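Below is start-v5.cif, holding mmCIF, C-alpha atoms; chains and numbers go by the auth columns.
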data_input
#
loop_
_atom_site.group_PDB
_atom_site.id
_atom_site.type_symbol
_atom_site.label_atom_id
_atom_site.label_comp_id
_atom_site.label_asym_id
_atom_site.label_seq_id
_atom_site.Cartn_x
_atom_site.Cartn_y
_atom_site.Cartn_z
_atom_site.B_iso_or_equiv
_atom_site.auth_seq_id
_atom_site.auth_asym_id
ATOM 1 C CA MET A 1 106.107 39.879 150.739 0.00 58 A
ATOM 2 C CA ALA A 2 104.299 38.253 147.843 0.00 59 A
ATOM 3 C CA ILE A 3 104.211 34.484 147.499 0.00 60 A
ATOM 4 C CA GLY A 4 102.952 32.507 144.527 0.00 61 A
ATOM 5 C CA PHE A 5 103.764 31.684 140.966 0.00 62 A
ATOM 6 C CA THR A 6 104.791 35.042 139.580 0.00 63 A
ATOM 7 C CA PRO A 7 104.638 37.070 142.792 0.00 64 A
ATOM 8 C CA LYS A 8 103.304 40.588 142.352 0.00 65 A
ATOM 9 C CA HIS A 9 102.178 43.661 144.269 0.00 66 A
ATOM 10 C CA THR A 10 99.535 46.216 143.255 0.00 67 A
ATOM 11 C CA GLU A 11 98.722 49.650 144.663 0.00 68 A
ATOM 12 C CA LEU A 12 95.845 51.928 143.667 0.00 69 A
ATOM 13 C CA PHE A 13 96.734 55.597 143.230 0.00 70 A
ATOM 14 C CA PRO A 14 93.833 58.072 142.905 0.00 71 A
ATOM 15 C CA LEU A 15 94.671 60.730 140.319 0.00 72 A
ATOM 16 C CA LYS A 16 92.556 63.404 142.097 0.00 73 A
ATOM 17 C CA GLU A 17 93.093 66.626 140.094 0.00 74 A
ATOM 18 C CA LEU A 18 95.638 65.098 137.682 0.00 75 A
ATOM 19 C CA SER A 19 94.491 64.259 134.173 0.00 76 A
ATOM 20 C CA PRO A 20 95.462 60.839 132.797 0.00 77 A
ATOM 21 C CA ALA A 21 97.820 62.572 130.335 0.00 78 A
ATOM 22 C CA HIS A 22 99.551 64.534 133.114 0.00 79 A
ATOM 23 C CA PHE A 23 99.900 61.396 135.266 0.00 80 A
ATOM 24 C CA THR A 24 101.325 59.467 132.301 0.00 81 A
ATOM 25 C CA VAL A 25 104.019 62.131 131.841 0.00 82 A
ATOM 26 C CA LEU A 26 104.868 61.931 135.553 0.00 83 A
ATOM 27 C CA ALA A 27 104.911 58.117 135.359 0.00 84 A
ATOM 28 C CA PHE A 28 107.294 58.260 132.401 0.00 85 A
ATOM 29 C CA GLU A 29 109.622 60.618 134.314 0.00 86 A
ATOM 30 C CA ALA A 30 109.521 58.414 137.434 0.00 87 A
ATOM 31 C CA ALA A 31 110.364 55.281 135.427 0.00 88 A
ATOM 32 C CA THR A 32 113.207 57.116 133.677 0.00 89 A
ATOM 33 C CA GLN A 33 114.659 58.293 137.003 0.00 90 A
ATOM 34 C CA LEU A 34 114.502 54.700 138.294 0.00 91 A
ATOM 35 C CA SER A 35 116.411 53.567 135.154 0.00 92 A
ATOM 36 C CA TRP A 36 113.578 51.319 134.054 0.00 93 A
ATOM 37 C CA SER A 37 113.203 50.375 130.403 0.00 94 A
ATOM 38 C CA ILE A 38 109.853 51.595 129.052 0.00 95 A
ATOM 39 C CA SER A 39 108.442 49.318 126.380 0.00 96 A
ATOM 40 C CA TYR A 40 104.892 50.675 126.007 0.00 97 A
ATOM 41 C CA LEU A 41 103.397 54.106 126.721 0.00 98 A
ATOM 42 C CA THR A 42 99.873 55.449 126.092 0.00 99 A
ATOM 43 C CA LEU A 43 97.553 57.977 127.730 0.00 100 A
ATOM 44 C CA ASN A 44 95.999 55.052 129.636 0.00 101 A
ATOM 45 C CA GLY A 45 99.195 53.640 131.108 0.00 102 A
ATOM 46 C CA MET A 46 102.573 52.133 130.470 0.00 103 A
ATOM 47 C CA LEU A 47 104.674 48.991 130.664 0.00 104 A
ATOM 48 C CA ALA A 48 108.275 48.987 131.915 0.00 105 A
ATOM 49 C CA ASP A 49 110.960 46.543 133.031 0.00 106 A
ATOM 50 C CA THR A 50 113.445 47.031 135.859 0.00 107 A
ATOM 51 C CA ASN A 51 116.389 45.562 133.869 0.00 108 A
ATOM 52 C CA ASN A 52 118.648 44.971 136.878 0.00 109 A
ATOM 53 C CA GLY A 53 120.811 42.424 135.073 0.00 110 A
ATOM 54 C CA LEU A 54 120.786 38.776 134.118 0.00 111 A
ATOM 55 C CA PHE A 55 121.348 37.247 137.565 0.00 112 A
ATOM 56 C CA LYS A 56 119.432 39.801 139.663 0.00 113 A
ATOM 57 C CA PHE A 57 115.777 40.318 140.549 0.00 114 A
ATOM 58 C CA ASN A 58 113.817 41.783 137.632 0.00 115 A
ATOM 59 C CA ALA A 59 110.195 42.806 137.396 0.00 116 A
ATOM 60 C CA GLU A 60 107.639 44.052 134.914 0.00 117 A
ATOM 61 C CA ILE A 61 105.890 47.252 136.000 0.00 118 A
ATOM 62 C CA THR A 62 102.384 47.875 134.660 0.00 119 A
ATOM 63 C CA VAL A 63 100.459 51.128 135.086 0.00 120 A
ATOM 64 C CA LYS A 64 96.816 51.137 133.964 0.00 121 A
ATOM 65 C CA ILE A 65 94.628 54.213 134.350 0.00 122 A
ATOM 66 C CA SER A 66 90.896 53.649 134.693 0.00 123 A
ATOM 67 C CA ASN A 67 88.132 55.854 136.152 0.00 124 A
ATOM 68 C CA GLY A 68 90.556 58.325 137.708 0.00 125 A
ATOM 69 C CA ILE A 69 92.648 55.644 139.434 0.00 126 A
ATOM 70 C CA ALA A 70 96.087 54.358 138.446 0.00 127 A
ATOM 71 C CA HIS A 71 96.604 50.644 139.071 0.00 128 A
ATOM 72 C CA ILE A 72 100.357 50.193 139.581 0.00 129 A
ATOM 73 C CA THR A 73 101.612 46.596 139.558 0.00 130 A
ATOM 74 C CA SER A 74 105.075 45.098 139.859 0.00 131 A
ATOM 75 C CA ALA A 75 105.301 41.411 138.893 0.00 132 A
ATOM 76 C CA SER A 76 108.418 39.250 139.070 0.00 133 A
ATOM 77 C CA SER A 77 109.705 38.350 135.633 0.00 134 A
ATOM 78 C CA GLY A 78 111.925 35.463 136.723 0.00 135 A
ATOM 79 C CA ASN A 79 111.201 32.070 138.226 0.00 136 A
ATOM 80 C CA GLU A 80 110.842 33.345 141.796 0.00 137 A
ATOM 81 C CA PHE A 81 108.215 31.836 144.045 0.00 138 A
ATOM 82 C CA VAL A 82 108.810 34.438 146.793 0.00 139 A
ATOM 83 C CA ASP A 83 109.788 38.038 146.087 0.00 140 A
ATOM 84 C CA TRP A 84 110.859 39.007 149.635 0.00 141 A
ATOM 85 C CA GLY A 85 109.057 42.356 149.313 0.00 142 A
ATOM 86 C CA LYS A 86 110.880 43.492 146.182 0.00 143 A
ATOM 87 C CA ASN A 87 107.701 44.022 144.131 0.00 144 A
ATOM 88 C CA LYS A 88 106.201 46.180 146.881 0.00 145 A
ATOM 89 C CA LYS A 89 109.459 48.144 147.046 0.00 146 A
ATOM 90 C CA ASN A 90 109.299 48.758 143.271 0.00 147 A
ATOM 91 C CA VAL A 91 105.747 50.106 143.493 0.00 148 A
ATOM 92 C CA LEU A 92 106.488 52.317 146.496 0.00 149 A
ATOM 93 C CA GLN A 93 109.647 53.720 144.840 0.00 150 A
ATOM 94 C CA PHE A 94 107.596 54.491 141.745 0.00 151 A
ATOM 95 C CA ILE A 95 104.888 56.285 143.751 0.00 152 A
ATOM 96 C CA ALA A 96 107.459 58.261 145.762 0.00 153 A
#

Could I get this file's structure written as structure tokens?
Amino acid sequence: MAIGFTPKHTELFPLKELSPAHFTVLAFEAATQLSWSISYLTLNGMLADTNNGLFKFNAEITVKISNGIAHITSASSGNEFVDWGKNKKNVLQFIA
């Protein structure tokens, strides 16, 4: 459970034998299957929004690839002070 102004959760995902381009394709597919709206996509990462609706929890998902590691972050996009574990859930769903 993240607490703070703009609660967020970050996980590091080692790419191992995957190239950044291959991981980016997999990240795009994962975001599409989760019905997230992708607003930015490059070989070094992507930016997506959960788009759950006006009165529901929404988050911005950022994936940045650097030195063979993907930094996956979910940050609340509303005025929440506590996310009740929703950002962590977003990141873990994405990784799964």

Give me the residues near region 145-148 of chain A as an mmCIF file with C-alpha atoms, in the frame of the given file, where near means some atom within 12 Å (using all atoms listed in the file) and where sequence neighbours in that chain fewer than 2 positions away do not count.
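As written to disk, around_24.cif reads:
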data_model
loop_
_atom_site.group_PDB
_atom_site.id
_atom_site.type_symbol
_atom_site.label_atom_id
_atom_site.label_comp_id
_atom_site.auth_asym_id
_atom_site.auth_seq_id
_atom_site.Cartn_x
_atom_site.Cartn_y
_atom_site.Cartn_z
ATOM 1 C CA MET A 58 106.107 39.879 150.739
ATOM 2 C CA ALA A 59 104.299 38.253 147.843
ATOM 3 C CA ILE A 60 104.211 34.484 147.499
ATOM 4 C CA PRO A 64 104.638 37.070 142.792
ATOM 5 C CA LYS A 65 103.304 40.588 142.352
ATOM 6 C CA HIS A 66 102.178 43.661 144.269
ATOM 7 C CA THR A 67 99.535 46.216 143.255
ATOM 8 C CA GLU A 68 98.722 49.650 144.663
ATOM 9 C CA LEU A 69 95.845 51.928 143.667
ATOM 10 C CA PHE A 70 96.734 55.597 143.230
ATOM 11 C CA ALA A 84 104.911 58.117 135.359
ATOM 12 C CA ALA A 87 109.521 58.414 137.434
ATOM 13 C CA ALA A 88 110.364 55.281 135.427
ATOM 14 C CA LEU A 91 114.502 54.700 138.294
ATOM 15 C CA SER A 92 116.411 53.567 135.154
ATOM 16 C CA TRP A 93 113.578 51.319 134.054
ATOM 17 C CA ALA A 105 108.275 48.987 131.915
ATOM 18 C CA ASP A 106 110.960 46.543 133.031
ATOM 19 C CA THR A 107 113.445 47.031 135.859
ATOM 20 C CA ASN A 109 118.648 44.971 136.878
ATOM 21 C CA PHE A 114 115.777 40.318 140.549
ATOM 22 C CA ASN A 115 113.817 41.783 137.632
ATOM 23 C CA ALA A 116 110.195 42.806 137.396
ATOM 24 C CA GLU A 117 107.639 44.052 134.914
ATOM 25 C CA ILE A 118 105.890 47.252 136.000
ATOM 26 C CA THR A 119 102.384 47.875 134.660
ATOM 27 C CA VAL A 120 100.459 51.128 135.086
ATOM 28 C CA ALA A 127 96.087 54.358 138.446
ATOM 29 C CA HIS A 128 96.604 50.644 139.071
ATOM 30 C CA ILE A 129 100.357 50.193 139.581
ATOM 31 C CA THR A 130 101.612 46.596 139.558
ATOM 32 C CA SER A 131 105.075 45.098 139.859
ATOM 33 C CA ALA A 132 105.301 41.411 138.893
ATOM 34 C CA SER A 133 108.418 39.250 139.070
ATOM 35 C CA ASP A 140 109.788 38.038 146.087
ATOM 36 C CA TRP A 141 110.859 39.007 149.635
ATOM 37 C CA GLY A 142 109.057 42.356 149.313
ATOM 38 C CA LYS A 143 110.880 43.492 146.182
ATOM 39 C CA GLN A 150 109.647 53.720 144.840
ATOM 40 C CA PHE A 151 107.596 54.491 141.745
ATOM 41 C CA ILE A 152 104.888 56.285 143.751
ATOM 42 C CA ALA A 153 107.459 58.261 145.762
#

Point-to-point distance in Å for CA of Ser123 (chain A) and CA of Val82 (chain A):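 Calculated distance between CA of Val82 (chain A) and CA of Ser123 (chain A) is 15.9 Å.
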
Å distance separating CA of Phe85 (chain A) from CA of Lys121 (chain A), one decimal place: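 Taking CA of Phe85 (chain A) as the start and CA of Lys121 (chain A) as the end point, the length is 12.8 Å.
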
Counting only C-alpha atoms, the option among A:Asn101, A:Ser76, A:Thr63, A:Thr81 closest to Ser134 (chain A):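 Comparing A:Asn101, A:Ser76, A:Thr63, A:Thr81 against Ser134 (chain A), the winner is A:Thr63.
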
Can you tell me, as JSON, the centre and edge lengths (Å, one decimal) of the axis-aligned box enclosing all of region 116-125 of chain A's listed atoms after padding each side by 5 Å?
{"center_x": 99.2, "center_y": 50.6, "center_z": 135.8, "size_x": 32.1, "size_y": 25.5, "size_z": 13.7}

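CA of Leu100 (chain A) is found 6.2 Å from CA of Pro77 (chain A).
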
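Comparing the minimum interatomic distances between Ala78 (chain A) and each of A:Val139, A:Leu104, A:Leu149, A:Ile122, counting all atoms listed in the file, we find that A:Ile122 sits nearest.
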